[in-house]
file target.cif (mmCIF, C-alpha atoms)
data_target
loop_
_atom_site.label_atom_id
_atom_site.label_comp_id
_atom_site.auth_asym_id
_atom_site.auth_seq_id
_atom_site.Cartn_x
_atom_site.Cartn_y
_atom_site.Cartn_z
CA MET A 21 -22.56 -8.35 0.07
CA SER A 22 -23.20 -10.42 -3.02
CA ALA A 23 -20.47 -11.19 -5.51
CA PRO A 24 -20.46 -8.70 -8.39
CA ALA A 25 -20.84 -9.88 -11.96
CA ARG A 26 -17.49 -11.01 -13.28
CA ARG A 27 -16.18 -10.89 -16.84
CA GLN A 28 -13.87 -13.75 -17.81
CA GLU A 29 -12.09 -11.35 -20.19
CA GLY A 30 -11.29 -9.03 -17.32
CA LEU A 31 -9.55 -11.76 -15.37
CA ASP A 32 -7.71 -12.82 -18.50
CA ASP A 33 -6.48 -9.24 -18.88
CA LEU A 34 -5.18 -9.30 -15.32
CA LEU A 35 -3.44 -12.62 -15.87
CA ASP A 36 -1.83 -11.40 -19.08
CA LEU A 37 -0.50 -8.30 -17.37
CA ALA A 38 0.72 -10.30 -14.38
CA ARG A 39 2.52 -12.78 -16.62
CA ALA A 40 4.13 -9.91 -18.52
CA ARG A 41 5.52 -8.62 -15.19
CA ARG A 42 6.89 -11.91 -13.93
CA ALA A 43 10.48 -11.17 -14.93
CA ASP A 44 10.25 -7.69 -13.38
CA TYR A 45 8.76 -9.20 -10.24
CA LEU A 46 11.69 -11.61 -9.85
CA ARG A 47 14.21 -8.84 -10.47
CA ASP A 48 12.53 -6.65 -7.86
CA LEU A 49 12.24 -9.54 -5.43
CA GLU A 50 15.95 -10.22 -5.71
CA GLU A 51 16.66 -6.57 -4.95
CA LEU A 52 14.46 -6.63 -1.85
CA VAL A 53 15.74 -9.97 -0.57
CA SER A 54 19.32 -8.71 -0.95
CA VAL A 55 18.69 -6.15 1.80
CA ASP A 56 19.10 -7.34 5.39
CA SER A 57 15.97 -6.01 7.07
CA GLY A 58 15.63 -7.88 10.33
CA SER A 59 13.27 -6.40 12.89
CA TYR A 60 16.26 -5.05 14.83
CA SER A 61 17.96 -3.60 11.75
CA ALA A 62 16.32 -0.18 11.42
CA GLY A 63 18.68 0.87 8.65
CA GLY A 64 17.88 -2.17 6.54
CA VAL A 65 14.14 -1.82 7.07
CA ASN A 66 14.37 1.83 6.04
CA GLU A 67 16.23 0.85 2.88
CA VAL A 68 13.28 -1.39 2.00
CA ALA A 69 10.92 1.44 2.96
CA ASP A 70 12.76 3.79 0.58
CA TRP A 71 12.24 1.31 -2.25
CA ILE A 72 8.54 0.81 -1.50
CA GLU A 73 7.94 4.54 -1.08
CA ARG A 74 9.39 5.25 -4.53
CA ARG A 75 7.29 2.47 -6.05
CA LEU A 76 4.07 3.72 -4.46
CA GLU A 77 4.67 7.30 -5.58
CA ARG A 78 5.35 6.07 -9.09
CA ILE A 79 1.86 4.54 -9.28
CA GLY A 80 0.08 7.61 -7.97
CA PHE A 81 -0.08 7.04 -4.21
CA THR A 82 0.57 9.73 -1.66
CA VAL A 83 2.85 8.30 1.01
CA GLU A 84 3.11 9.15 4.68
CA ARG A 85 6.34 7.97 6.27
CA VAL A 86 5.91 7.40 9.99
CA ARG A 87 8.79 7.36 12.45
CA LEU A 88 7.54 5.12 15.22
CA PRO A 89 8.20 5.42 18.95
CA SER A 90 10.65 3.06 20.58
CA THR A 91 9.37 -0.33 21.69
CA PRO A 92 8.75 -0.92 25.43
CA ASP A 93 12.25 -2.42 25.72
CA GLY A 94 13.82 0.70 24.18
CA HIS A 95 14.39 -0.63 20.66
CA ARG A 96 14.06 1.79 17.75
CA THR A 97 12.46 0.15 14.71
CA GLY A 98 12.53 1.27 11.11
CA ASP A 99 9.83 3.53 9.71
CA ALA A 100 6.32 2.53 8.67
CA LEU A 101 4.66 3.56 5.40
CA VAL A 102 1.03 4.45 4.73
CA GLY A 103 0.27 4.89 1.02
CA ARG A 104 -3.13 6.17 -0.12
CA ARG A 105 -4.84 6.58 -3.45
CA ARG A 106 -8.34 7.99 -3.88
CA GLY A 107 -10.69 6.39 -6.35
CA THR A 108 -13.63 7.77 -8.31
CA LEU A 109 -16.43 5.97 -6.43
CA PRO A 110 -17.08 7.74 -3.11
CA GLU A 111 -18.27 5.80 -0.13
CA ALA A 112 -21.66 7.57 -0.33
CA GLU A 113 -22.13 6.04 -3.79
CA GLY A 114 -21.06 2.54 -2.78
CA GLY A 115 -17.28 2.78 -3.04
CA ARG A 116 -15.25 0.94 -0.42
CA ARG A 117 -11.97 1.63 1.36
CA ILE A 118 -9.56 -1.30 1.00
CA LEU A 119 -6.56 -1.73 3.33
CA LEU A 120 -3.66 -3.89 2.15
CA ALA A 121 -1.11 -4.78 4.84
CA GLY A 122 2.35 -6.32 4.65
CA HIS A 123 5.59 -6.09 6.58
CA MET A 124 9.13 -5.14 5.62
CA ASP A 125 11.04 -6.89 8.42
CA THR A 126 12.34 -10.44 8.55
CA VAL A 127 13.55 -12.69 11.37
CA PHE A 128 17.10 -12.85 10.02
CA GLU A 129 20.26 -11.19 11.33
CA ASN A 130 22.49 -8.82 9.40
CA GLY A 131 24.76 -10.71 7.03
CA THR A 132 22.17 -13.34 6.11
CA ALA A 133 21.49 -11.85 2.68
CA ALA A 134 25.17 -12.10 1.74
CA ALA A 135 25.59 -15.55 3.25
CA ARG A 136 22.43 -16.92 1.65
CA PRO A 137 21.66 -14.74 -1.38
CA PHE A 138 18.54 -14.84 -3.51
CA ARG A 139 18.54 -17.65 -6.04
CA THR A 140 16.13 -19.59 -8.21
CA ASP A 141 16.15 -23.31 -8.82
CA GLY A 142 13.64 -24.26 -11.48
CA SER A 143 10.28 -22.92 -10.40
CA THR A 144 11.35 -22.08 -6.84
CA ALA A 145 13.00 -18.96 -5.43
CA TYR A 146 15.00 -18.96 -2.19
CA GLY A 147 16.36 -16.30 0.13
CA PRO A 148 15.76 -14.61 3.49
CA GLY A 149 12.28 -13.11 3.47
CA VAL A 150 11.48 -14.36 -0.03
CA SER A 151 8.12 -15.60 1.21
CA ASP A 152 7.69 -13.85 4.56
CA ASP A 153 6.94 -11.18 3.58
CA LYS A 154 8.86 -9.58 0.73
CA GLY A 155 7.23 -11.82 -1.86
CA GLY A 156 3.76 -10.98 -0.55
CA LEU A 157 4.41 -7.26 -0.17
CA LEU A 158 5.76 -7.10 -3.72
CA ALA A 159 2.71 -8.99 -5.00
CA GLY A 160 0.51 -6.31 -3.47
CA LEU A 161 2.49 -3.54 -5.14
CA THR A 162 2.35 -5.34 -8.48
CA ALA A 163 -1.43 -5.85 -8.22
CA LEU A 164 -1.89 -2.13 -7.51
CA GLU A 165 0.30 -1.27 -10.48
CA ILE A 166 -1.76 -3.49 -12.79
CA LEU A 167 -5.02 -1.92 -11.63
CA GLY A 168 -3.55 1.52 -12.27
CA ASP A 169 -2.44 0.54 -15.77
CA LEU A 170 -5.97 -0.71 -16.54
CA GLY A 171 -7.55 2.45 -15.19
CA VAL A 172 -9.49 0.56 -12.51
CA ASP A 173 -10.47 3.22 -9.98
CA ALA A 174 -14.03 2.30 -8.91
CA TYR A 175 -13.32 2.40 -5.19
CA ASP A 176 -13.35 5.00 -2.46
CA GLU A 177 -9.71 4.60 -1.42
CA LEU A 178 -6.87 2.10 -1.56
CA VAL A 179 -4.47 2.08 1.38
CA LEU A 180 -1.23 0.13 1.59
CA LEU A 181 0.36 -0.23 5.04
CA ALA A 182 3.94 -1.52 5.32
CA THR A 183 5.21 -2.13 8.85
CA PRO A 184 8.75 -2.63 10.25
CA ASP A 185 8.21 -4.88 13.29
CA GLU A 186 5.64 -7.61 12.57
CA GLU A 187 8.12 -10.38 13.32
CA ILE A 188 8.49 -9.18 16.92
CA GLY A 189 4.76 -8.69 17.48
CA SER A 190 4.38 -5.13 16.12
CA PRO A 191 5.07 -3.44 19.48
CA ALA A 192 5.86 -0.06 17.89
CA SER A 193 3.47 -0.11 14.94
CA ARG A 194 0.35 -1.48 16.66
CA PRO A 195 -1.26 1.94 17.34
CA LEU A 196 -0.63 2.95 13.72
CA ILE A 197 -2.11 -0.31 12.41
CA GLU A 198 -5.24 0.13 14.49
CA ALA A 199 -5.61 3.80 13.53
CA THR A 200 -5.10 3.06 9.83
CA ALA A 201 -7.62 0.22 9.94
CA ALA A 202 -10.28 2.47 11.44
CA GLY A 203 -12.77 3.37 8.71
CA ALA A 204 -11.66 0.66 6.27
CA HIS A 205 -14.33 -1.65 4.87
CA PHE A 206 -12.06 -4.60 4.07
CA GLY A 207 -8.57 -5.73 5.03
CA LEU A 208 -6.30 -7.80 2.79
CA GLY A 209 -3.23 -9.41 4.35
CA LEU A 210 -0.24 -9.81 2.04
CA GLU A 211 1.37 -12.74 3.82
CA CYS A 212 2.03 -15.53 1.35
CA ALA A 213 -0.48 -18.32 0.79
CA ARG A 214 -0.19 -21.62 2.64
CA GLU A 215 2.03 -24.27 1.06
CA ASN A 216 -1.04 -25.95 -0.47
CA GLY A 217 -2.29 -22.61 -1.85
CA ASP A 218 -4.97 -21.96 0.76
CA LEU A 219 -5.84 -18.47 1.90
CA VAL A 220 -6.02 -17.69 5.62
CA ILE A 221 -9.53 -17.10 6.96
CA ALA A 222 -8.67 -17.09 10.67
CA ARG A 223 -5.73 -16.62 13.03
CA LYS A 224 -5.77 -17.37 16.72
CA GLY A 225 -5.41 -14.57 19.23
CA VAL A 226 -2.71 -14.64 21.90
CA ALA A 227 -2.87 -13.50 25.52
CA ASP A 228 0.23 -13.47 27.74
CA PHE A 229 0.00 -13.61 31.53
CA ARG A 230 2.36 -13.35 34.45
CA LEU A 231 1.40 -14.94 37.76
CA THR A 232 3.37 -13.73 40.78
CA VAL A 233 3.14 -16.18 43.67
CA THR A 234 3.95 -14.74 47.09
CA GLY A 235 4.58 -17.02 50.03
CA ARG A 236 6.55 -16.68 53.27
CA ALA A 237 10.22 -17.49 53.86
CA ALA A 238 11.36 -19.72 56.70
CA HIS A 239 14.35 -21.84 57.64
CA ALA A 240 13.80 -25.12 55.86
CA GLY A 241 15.42 -27.20 58.61
CA ILE A 242 14.55 -25.46 61.88
CA GLU A 243 11.02 -24.08 61.38
CA PRO A 244 9.59 -24.99 57.96
CA GLU A 245 6.09 -24.87 59.41
CA ARG A 246 6.39 -21.07 59.64
CA GLY A 247 6.85 -20.80 55.88
CA ALA A 248 4.42 -20.77 52.97
CA ASN A 249 6.05 -22.42 49.97
CA ALA A 250 5.49 -20.41 46.80
CA ALA A 251 7.29 -23.04 44.72
CA LEU A 252 4.82 -25.69 45.82
CA ALA A 253 1.91 -23.39 44.99
CA ALA A 254 3.47 -22.69 41.60
CA ALA A 255 3.65 -26.44 40.97
CA HIS A 256 -0.04 -26.85 41.82
CA LEU A 257 -0.90 -23.93 39.54
CA THR A 258 1.17 -25.35 36.68
CA VAL A 259 -0.77 -28.61 36.81
CA ALA A 260 -4.12 -26.83 37.12
CA LEU A 261 -3.43 -24.47 34.22
CA GLN A 262 -2.09 -27.16 31.91
CA ASP A 263 -5.26 -29.15 32.66
CA LEU A 264 -7.27 -26.36 31.02
CA ASN A 265 -6.16 -27.76 27.65
CA GLY A 266 -8.96 -29.72 26.06
CA HIS A 267 -11.75 -27.82 27.82
CA TRP A 268 -12.49 -25.69 24.74
CA ASP A 269 -11.97 -26.32 21.03
CA ASP A 270 -9.11 -24.40 19.39
CA VAL A 271 -7.72 -23.24 22.74
CA THR A 272 -4.21 -23.91 24.05
CA VAL A 273 -2.76 -22.97 27.43
CA ASN A 274 0.98 -23.21 27.96
CA VAL A 275 2.90 -22.59 31.18
CA GLY A 276 6.15 -21.75 29.45
CA VAL A 277 8.25 -20.31 32.28
CA VAL A 278 8.41 -21.17 35.98
CA ARG A 279 10.85 -19.42 38.32
CA ALA A 280 11.05 -20.05 42.06
CA GLY A 281 13.35 -19.69 45.03
CA THR A 282 16.97 -18.75 45.60
CA ARG A 283 18.36 -21.32 48.07
CA ALA A 284 17.54 -24.92 48.91
CA ASN A 285 17.54 -24.28 52.67
CA ILE A 286 14.86 -21.57 52.53
CA VAL A 287 11.15 -22.22 52.20
CA CYS A 288 10.50 -20.50 48.86
CA PRO A 289 8.87 -17.08 49.37
CA ARG A 290 8.29 -16.11 45.76
CA ALA A 291 7.65 -17.72 42.37
CA GLU A 292 6.64 -16.56 38.93
CA LEU A 293 4.80 -18.26 36.07
CA ARG A 294 4.57 -17.02 32.49
CA ILE A 295 1.60 -18.32 30.53
CA GLU A 296 0.55 -18.08 26.90
CA VAL A 297 -3.05 -18.61 25.81
CA ARG A 298 -4.05 -19.01 22.16
CA ALA A 299 -7.68 -19.09 21.11
CA ALA A 300 -9.74 -18.69 17.96
CA THR A 301 -12.28 -16.28 19.46
CA THR A 302 -12.30 -13.36 21.86
CA ALA A 303 -14.99 -15.15 23.86
CA ASP A 304 -12.67 -18.11 24.44
CA ILE A 305 -9.80 -15.86 25.52
CA GLN A 306 -12.16 -14.29 28.06
CA ARG A 307 -13.22 -17.74 29.30
CA VAL A 308 -9.61 -18.84 29.80
CA THR A 309 -8.77 -15.57 31.52
CA ARG A 310 -11.53 -16.20 34.04
CA ALA A 311 -10.31 -19.77 34.56
CA ILE A 312 -6.74 -18.55 35.22
CA ARG A 313 -7.96 -16.05 37.79
CA GLU A 314 -10.12 -18.71 39.48
CA ALA A 315 -7.11 -21.04 39.70
CA ALA A 316 -5.03 -18.22 41.16
CA ASP A 317 -7.65 -17.77 43.88
CA ARG A 318 -7.04 -21.39 44.93
CA PRO A 319 -3.23 -21.77 45.09
CA GLY A 320 -3.45 -24.93 47.22
CA VAL A 321 -0.93 -23.80 49.84
CA PRO A 322 -2.06 -21.95 53.00
CA GLY A 323 -0.55 -18.50 53.35
CA VAL A 324 0.20 -18.06 49.65
CA THR A 325 -1.34 -15.34 47.44
CA VAL A 326 -1.24 -15.04 43.65
CA GLN A 327 -1.33 -11.89 41.55
CA VAL A 328 -2.47 -12.25 37.91
CA GLU A 329 -1.32 -9.74 35.27
CA GLN A 330 -2.30 -9.83 31.62
CA LEU A 331 0.85 -8.58 29.89
CA ASP A 332 -0.36 -8.50 26.30
CA LEU A 333 -3.30 -9.35 24.08
CA CYS A 334 -3.23 -9.85 20.34
CA PRO A 335 -6.87 -10.23 19.26
CA PRO A 336 -7.93 -13.18 17.13
CA MET A 337 -8.68 -12.80 13.46
CA GLU A 338 -12.00 -14.60 13.63
CA ASP A 339 -13.72 -16.61 10.92
CA THR A 340 -16.78 -14.38 10.47
CA PRO A 341 -19.63 -14.24 7.93
CA ALA A 342 -18.12 -11.03 6.50
CA SER A 343 -14.68 -12.60 6.00
CA ARG A 344 -16.34 -15.67 4.48
CA ARG A 345 -18.04 -13.43 1.93
CA MET A 346 -14.64 -11.98 1.05
CA PHE A 347 -13.33 -15.50 0.62
CA ASP A 348 -16.24 -16.29 -1.70
CA HIS A 349 -15.14 -13.39 -3.91
CA ALA A 350 -11.61 -14.77 -4.06
CA ARG A 351 -12.72 -18.36 -4.65
CA ALA A 352 -15.04 -17.35 -7.50
CA ALA A 353 -12.21 -15.46 -9.21
CA ALA A 354 -9.77 -18.30 -8.67
CA ARG A 355 -12.09 -20.85 -10.23
CA THR A 356 -12.24 -18.87 -13.47
CA ALA A 357 -8.44 -19.16 -13.53
CA GLY A 358 -8.55 -22.89 -12.83
CA ILE A 359 -7.50 -22.60 -9.17
CA GLU A 360 -9.44 -24.22 -6.35
CA LEU A 361 -8.90 -22.24 -3.14
CA GLY A 362 -9.30 -23.49 0.39
CA ALA A 363 -9.68 -21.47 3.58
CA ALA A 364 -7.19 -22.25 6.35
CA ALA A 365 -7.13 -21.38 10.05
CA THR A 366 -3.76 -21.03 11.76
CA GLY A 367 -2.40 -20.58 15.25
CA GLY A 368 0.16 -18.04 14.06
CA VAL A 369 -0.53 -14.33 14.51
CA GLY A 370 0.25 -11.31 12.34
CA ASP A 371 -0.78 -7.76 11.61
CA ALA A 372 -4.06 -9.10 10.20
CA ASN A 373 -5.03 -9.93 13.81
CA LEU A 374 -4.76 -6.26 14.76
CA ILE A 375 -6.82 -5.18 11.76
CA ALA A 376 -9.48 -7.73 12.65
CA GLY A 377 -9.36 -6.52 16.25
CA ALA A 378 -10.36 -3.07 14.96
CA GLY A 379 -13.58 -4.64 13.67
CA ILE A 380 -12.55 -4.94 10.00
CA PRO A 381 -13.24 -8.17 8.05
CA VAL A 382 -9.90 -9.56 6.89
CA LEU A 383 -8.66 -12.16 4.45
CA ASP A 384 -4.97 -13.08 4.64
CA GLY A 385 -2.46 -15.20 2.73
CA LEU A 386 -3.03 -13.32 -0.52
CA GLY A 387 0.60 -13.39 -1.64
CA PRO A 388 2.14 -16.10 -3.83
CA VAL A 389 2.54 -19.66 -2.57
CA GLY A 390 5.51 -20.12 -0.25
CA GLY A 391 6.72 -21.90 2.84
CA ALA A 392 9.43 -22.82 5.36
CA ASP A 393 9.21 -19.32 6.80
CA HIS A 394 11.84 -18.32 9.38
CA THR A 395 14.23 -21.04 8.20
CA PRO A 396 17.19 -21.25 5.80
CA GLN A 397 14.94 -23.29 3.48
CA GLU A 398 12.36 -20.49 2.99
CA TRP A 399 10.95 -20.69 -0.54
CA LEU A 400 8.52 -19.12 -3.00
CA ASP A 401 6.77 -20.85 -5.90
CA VAL A 402 7.59 -18.64 -8.87
CA THR A 403 4.89 -20.22 -11.04
CA SER A 404 2.22 -19.06 -8.59
CA VAL A 405 3.15 -15.39 -8.89
CA PRO A 406 1.08 -14.35 -11.97
CA GLN A 407 -2.08 -16.14 -10.80
CA ARG A 408 -1.86 -14.79 -7.27
CA VAL A 409 -1.14 -11.24 -8.41
CA ALA A 410 -4.08 -11.38 -10.82
CA LEU A 411 -6.32 -12.88 -8.14
CA LEU A 412 -5.37 -10.13 -5.69
CA ALA A 413 -5.97 -7.41 -8.28
CA ASP A 414 -9.37 -8.90 -9.13
CA LEU A 415 -10.32 -9.09 -5.47
CA ILE A 416 -9.34 -5.45 -4.86
CA ALA A 417 -11.42 -4.35 -7.83
CA SER A 418 -14.42 -6.42 -6.76
CA LEU A 419 -14.36 -5.29 -3.15
CA GLY A 420 -13.81 -1.67 -4.11
CA ARG A 421 -17.24 -1.49 -5.69
CA ALA A 422 -18.91 -4.04 -3.42
CA GLY A 423 -21.31 -1.45 -2.02
CA THR A 424 -22.87 -0.91 -5.44
CA THR A 425 -24.20 -4.49 -5.75
#
call {"tool": "encode", "arguments": {"input": "target.cif", "output": "C-alpha cells"}}
result
Amino acid sequence: MSAPARRQEGLDDLLDLARARRADYLRDLEELVSVDSGSYSAGGVNEVADWIERRLERIGFTVERVRLPSTPDGHRTGDALVGRRRGTLPEAEGGRRILLAGHMDTVFENGTAAARPFRTDGSTAYGPGVSDDKGGLLAGLTALEILGDLGVDAYDELVLLATPDEEIGSPASRPLIEATAAGAHFGLGLECARENGDLVIARKGVADFRLTVTGRAAHAGIEPERGANAALAAAHLTVALQDLNGHWDDVTVNVGVVRAGTRANIVCPRAELRIEVRAATTADIQRVTRAIREAADRPGVPGVTVQVEQLDLCPPMEDTPASRRMFDHARAAARTAGIELGAAATGGVGDANLIAGAGIPVLDGLGPVGGADHTPQEWLDVTSVPQRVALLADLIASLGRAGTT
C-alpha cells in the first residue's frame, strides 16, 4: 500500500473546517463530560450513547444500538453503538472499509462530573473523561462530519464503534468488537494521542493465569512429615515465575496475588497464585505460557500438584508492516501541517487490541493530545484539536481509497 498523492490544498481545507468547528467541539465536549458515564453506570453511558446516536444519524449514518449481555460477574453495562455509512467506491474497485473505535465509559464514579465539572484554563481543558475517551470519540465524530460536508465518499464503508465497558476490559462488548472488526481493512483507535503527540503503533497483550496448588494437610506439631506444604510450593513458584522477567524483551511477569492456608498449626493443603503476563507479541505470550506450565510441573515440594488455568487473554496490538504503512500515511499528512509525529508502544491495553487480534492493522492514539488519564488532573490540549481532527479526516480519506493506488 503506497501513500496516495496528496494535495496541500485538501489538507488546508480540512484544517480550515476543523478550526471553524473548534468552538462547537468544546461546547459538545463540555456536554459529554458533564454526564457521569462510569463503566458501572449504565444509565449514564446510555445518555452518552443517545447523544452519539443522534449525531451519527445527523451525518448520514445508519446506527445499530446493541444491548449487550451481562458481564461474567453479572453486571449490566450500557449499550454499544455501531454506525455505518456506505461510500461510492466498492471494495471490488479498490474501496476500503474503515473501522473507527472509541469508548463512552470512564473510570469515574457517579457524582464526579458535578464535583469536578468541565473547565478550560488557557489552552487546556479539564474534566472526567475529557481525554479518555470523550475527547477522542468526539474528534472522530467531527472528522466524519467534515468529510461529509466536503463530499468525500471514496471508500467502501465507514464504521464507527462506540463501546460502554472498555475501562473494565470490555467483558460484555468483546464479541461485538471482534465481529464488527471482521471484514474491515483498517482500524483507527480514537484514544487520545500521547502527551508528546505521538500516535500508538503497538499495545502489549495481557494474559491472566490462576495457579491452584494442592498439597496435603497434617498436624504441624505432631506429624508434619505426613503433610505436603502448598504454601512452601507457592513460595518456590513465586520466585521461579518472577525470575522469568528479563528472559524476553518487552515481557513482564507479575505474581500479583498469593493466598495460602487457614491456620498456623496445619501444614498448608492449598494455595493460589494469580499471575499477569504482558507481552508485545502473541509468540512471546505463548513462550511465557509454556514457561509457567513447566514451572508448575516442578513445584519443588514432594506430594504437591499444581493446576494452571488461563483466565483471560487480551491479544497484543502488534507493530506490523501493515500498521507501519498506516503510520506513514499519518506522518506524511502531519508533516504538511507542520507536525512531526512519532510512533509509541505502550503496555496499556484497549479495544484496539481486540481489533488487532481479529487480524486488522490498527493505528491508535488518533484523538487530540491529552494526558493524566484516570486521575483528577486529566487534561486535553485544546490547541491540538483542529490539527488532530484534520489529520484524522485526511487519514480516513486516504485509507478509504488505498486499494486504488
call {"tool": "resolve_selection", "arguments": {"input": "target.cif", "expression": "the PyMOL selection byres ((chain A and resi 260) around 10)", "output": "list in words"}}
result
Ala254, Ala255, His256, Leu257, Thr258, Val259, Leu261, Gln262, Asp263, Leu264, Asn265, Ala311, Ile312, Ala315, Ala316, Arg318 and Pro319 of chain A
call {"tool": "atom_distance", "arguments": {"input": "target.cif", "atom1": "CA of Glu129 in chain A", "atom2": "CA of Asp56 in chain A"}}
result
7.2 Å
call {"tool": "resolve_selection", "arguments": {"input": "target.cif", "expression": "the PyMOL selection byres ((chain A and resi 223) around 12)", "output": "PDB file with C-alpha atoms, in the coordinates of the input"}}
result
ATOM      1  CA  GLY A 209      -3.230  -9.410   4.350  1.00  0.00           C
ATOM      2  CA  LEU A 219      -5.840 -18.470   1.900  1.00  0.00           C
ATOM      3  CA  VAL A 220      -6.020 -17.690   5.620  1.00  0.00           C
ATOM      4  CA  ILE A 221      -9.530 -17.100   6.960  1.00  0.00           C
ATOM      5  CA  ALA A 222      -8.670 -17.090  10.670  1.00  0.00           C
ATOM      6  CA  LYS A 224      -5.770 -17.370  16.720  1.00  0.00           C
ATOM      7  CA  GLY A 225      -5.410 -14.570  19.230  1.00  0.00           C
ATOM      8  CA  VAL A 226      -2.710 -14.640  21.900  1.00  0.00           C
ATOM      9  CA  ASP A 270      -9.110 -24.400  19.390  1.00  0.00           C
ATOM     10  CA  VAL A 271      -7.720 -23.240  22.740  1.00  0.00           C
ATOM     11  CA  ARG A 298      -4.050 -19.010  22.160  1.00  0.00           C
ATOM     12  CA  ALA A 299      -7.680 -19.090  21.110  1.00  0.00           C
ATOM     13  CA  ALA A 300      -9.740 -18.690  17.960  1.00  0.00           C
ATOM     14  CA  THR A 301     -12.280 -16.280  19.460  1.00  0.00           C
ATOM     15  CA  THR A 302     -12.300 -13.360  21.860  1.00  0.00           C
ATOM     16  CA  CYS A 334      -3.230  -9.850  20.340  1.00  0.00           C
ATOM     17  CA  PRO A 335      -6.870 -10.230  19.260  1.00  0.00           C
ATOM     18  CA  PRO A 336      -7.930 -13.180  17.130  1.00  0.00           C
ATOM     19  CA  MET A 337      -8.680 -12.800  13.460  1.00  0.00           C
ATOM     20  CA  GLU A 338     -12.000 -14.600  13.630  1.00  0.00           C
ATOM     21  CA  ASP A 339     -13.720 -16.610  10.920  1.00  0.00           C
ATOM     22  CA  THR A 340     -16.780 -14.380  10.470  1.00  0.00           C
ATOM     23  CA  ALA A 363      -9.680 -21.470   3.580  1.00  0.00           C
ATOM     24  CA  ALA A 364      -7.190 -22.250   6.350  1.00  0.00           C
ATOM     25  CA  ALA A 365      -7.130 -21.380  10.050  1.00  0.00           C
ATOM     26  CA  THR A 366      -3.760 -21.030  11.760  1.00  0.00           C
ATOM     27  CA  GLY A 367      -2.400 -20.580  15.250  1.00  0.00           C
ATOM     28  CA  GLY A 368       0.160 -18.040  14.060  1.00  0.00           C
ATOM     29  CA  VAL A 369      -0.530 -14.330  14.510  1.00  0.00           C
ATOM     30  CA  GLY A 370       0.250 -11.310  12.340  1.00  0.00           C
ATOM     31  CA  ASP A 371      -0.780  -7.760  11.610  1.00  0.00           C
ATOM     32  CA  ALA A 372      -4.060  -9.100  10.200  1.00  0.00           C
ATOM     33  CA  ASN A 373      -5.030  -9.930  13.810  1.00  0.00           C
ATOM     34  CA  LEU A 374      -4.760  -6.260  14.760  1.00  0.00           C
ATOM     35  CA  ILE A 375      -6.820  -5.180  11.760  1.00  0.00           C
ATOM     36  CA  ALA A 376      -9.480  -7.730  12.650  1.00  0.00           C
ATOM     37  CA  GLY A 377      -9.360  -6.520  16.250  1.00  0.00           C
ATOM     38  CA  VAL A 382      -9.900  -9.560   6.890  1.00  0.00           C
ATOM     39  CA  LEU A 383      -8.660 -12.160   4.450  1.00  0.00           C
ATOM     40  CA  ASP A 384      -4.970 -13.080   4.640  1.00  0.00           C
ATOM     41  CA  GLY A 385      -2.460 -15.200   2.730  1.00  0.00           C
TER      42      GLY A 385
END
call {"tool": "residues_near_point", "arguments": {"input": "target.cif", "point": "(-2.5, 1.6, 0.6)", "cutoff": "8 Å", "atoms": "only C-alpha atoms", "output": "list in words"}}
result
Phe81, Val102, Gly103, Arg104, Arg105, Ile118, Leu119, Leu120, Ala121, Leu178, Val179, Leu180 and Leu181 of chain A
call {"tool": "resolve_selection", "arguments": {"input": "target.cif", "expression": "the PyMOL selection byres ((chain A and resi 387) around 9)", "output": "number ranges by chain"}}
result
A: 151, 153, 155-160, 209-213, 219, 384-386, 388-390, 405, 408-409, 412
call {"tool": "atom_distance", "arguments": {"input": "target.cif", "atom1": "CA of Gly281 in chain A", "atom2": "CA of Pro244 in chain A"}}
result
14.5 Å
call {"tool": "atom_distance", "arguments": {"input": "target.cif", "atom1": "CA of Glu113 in chain A", "atom2": "CA of His205 in chain A"}}
result
14.0 Å
call {"tool": "closest_residue", "arguments": {"input": "target.cif", "among": "A:Leu415, A:Val275, A:Leu196, A:Leu231", "to": "Arg351 in chain A", "atoms": "all atoms listed in the file"}}
result
A:Leu415
call {"tool": "residues_around", "arguments": {"input": "target.cif", "residues": "Ser190 in chain A", "least_positions_apart": "3", "cutoff": "10 Å", "atoms": "all atoms listed in the file", "output": "list of chain:residue names"}}
result
A:Ser59, A:Thr91, A:Thr97, A:His123, A:Thr183, A:Pro184, A:Asp185, A:Glu186, A:Glu187, A:Ser193, A:Arg194, A:Pro195, A:Leu196, A:Ile197, A:Cys334, A:Gly370, A:Asp371, A:Leu374
call {"tool": "closest_residue", "arguments": {"input": "target.cif", "among": "A:Val287, A:Ala112, A:Ala253, A:Ile72", "to": "Glu84 in chain A", "atoms": "only C-alpha atoms"}}
result
A:Ile72
call {"tool": "closest_residue", "arguments": {"input": "target.cif", "among": "A:Ala204, A:Ala192, A:Val55, A:Leu164", "to": "Met124 in chain A", "atoms": "only C-alpha atoms"}}
result
A:Val55
call {"tool": "decode", "arguments": {"input": "target.cif", "residues": "range 382-386 of chain A", "atoms": "N, CA, C and O atoms", "output": "PDB file, in the first residue's frame"}}
result
ATOM      1  N   VAL A 382      -4.018  -1.817  12.822  1.00  0.00           N
ATOM      2  CA  VAL A 382      -4.618  -0.769  13.651  1.00  0.00           C
ATOM      3  C   VAL A 382      -3.589   0.308  13.952  1.00  0.00           C
ATOM      4  O   VAL A 382      -2.414   0.022  14.197  1.00  0.00           O
ATOM      5  N   LEU A 383      -4.056   1.538  13.964  1.00  0.00           N
ATOM      6  CA  LEU A 383      -3.287   2.676  14.460  1.00  0.00           C
ATOM      7  C   LEU A 383      -4.153   3.351  15.515  1.00  0.00           C
ATOM      8  O   LEU A 383      -5.347   3.562  15.301  1.00  0.00           O
ATOM      9  N   ASP A 384      -3.561   3.656  16.672  1.00  0.00           N
ATOM     10  CA  ASP A 384      -4.339   4.202  17.786  1.00  0.00           C
ATOM     11  C   ASP A 384      -3.757   5.550  18.211  1.00  0.00           C
ATOM     12  O   ASP A 384      -2.741   5.992  17.705  1.00  0.00           O
ATOM     13  N   GLY A 385      -4.451   6.194  19.149  1.00  0.00           N
ATOM     14  CA  GLY A 385      -3.999   7.498  19.638  1.00  0.00           C
ATOM     15  C   GLY A 385      -4.282   8.617  18.666  1.00  0.00           C
ATOM     16  O   GLY A 385      -3.542   9.605  18.619  1.00  0.00           O
ATOM     17  N   LEU A 386      -5.391   8.498  17.914  1.00  0.00           N
ATOM     18  CA  LEU A 386      -5.677   9.475  16.861  1.00  0.00           C
ATOM     19  C   LEU A 386      -6.555  10.629  17.332  1.00  0.00           C
ATOM     20  O   LEU A 386      -6.956  11.463  16.531  1.00  0.00           O
TER      21      LEU A 386
END
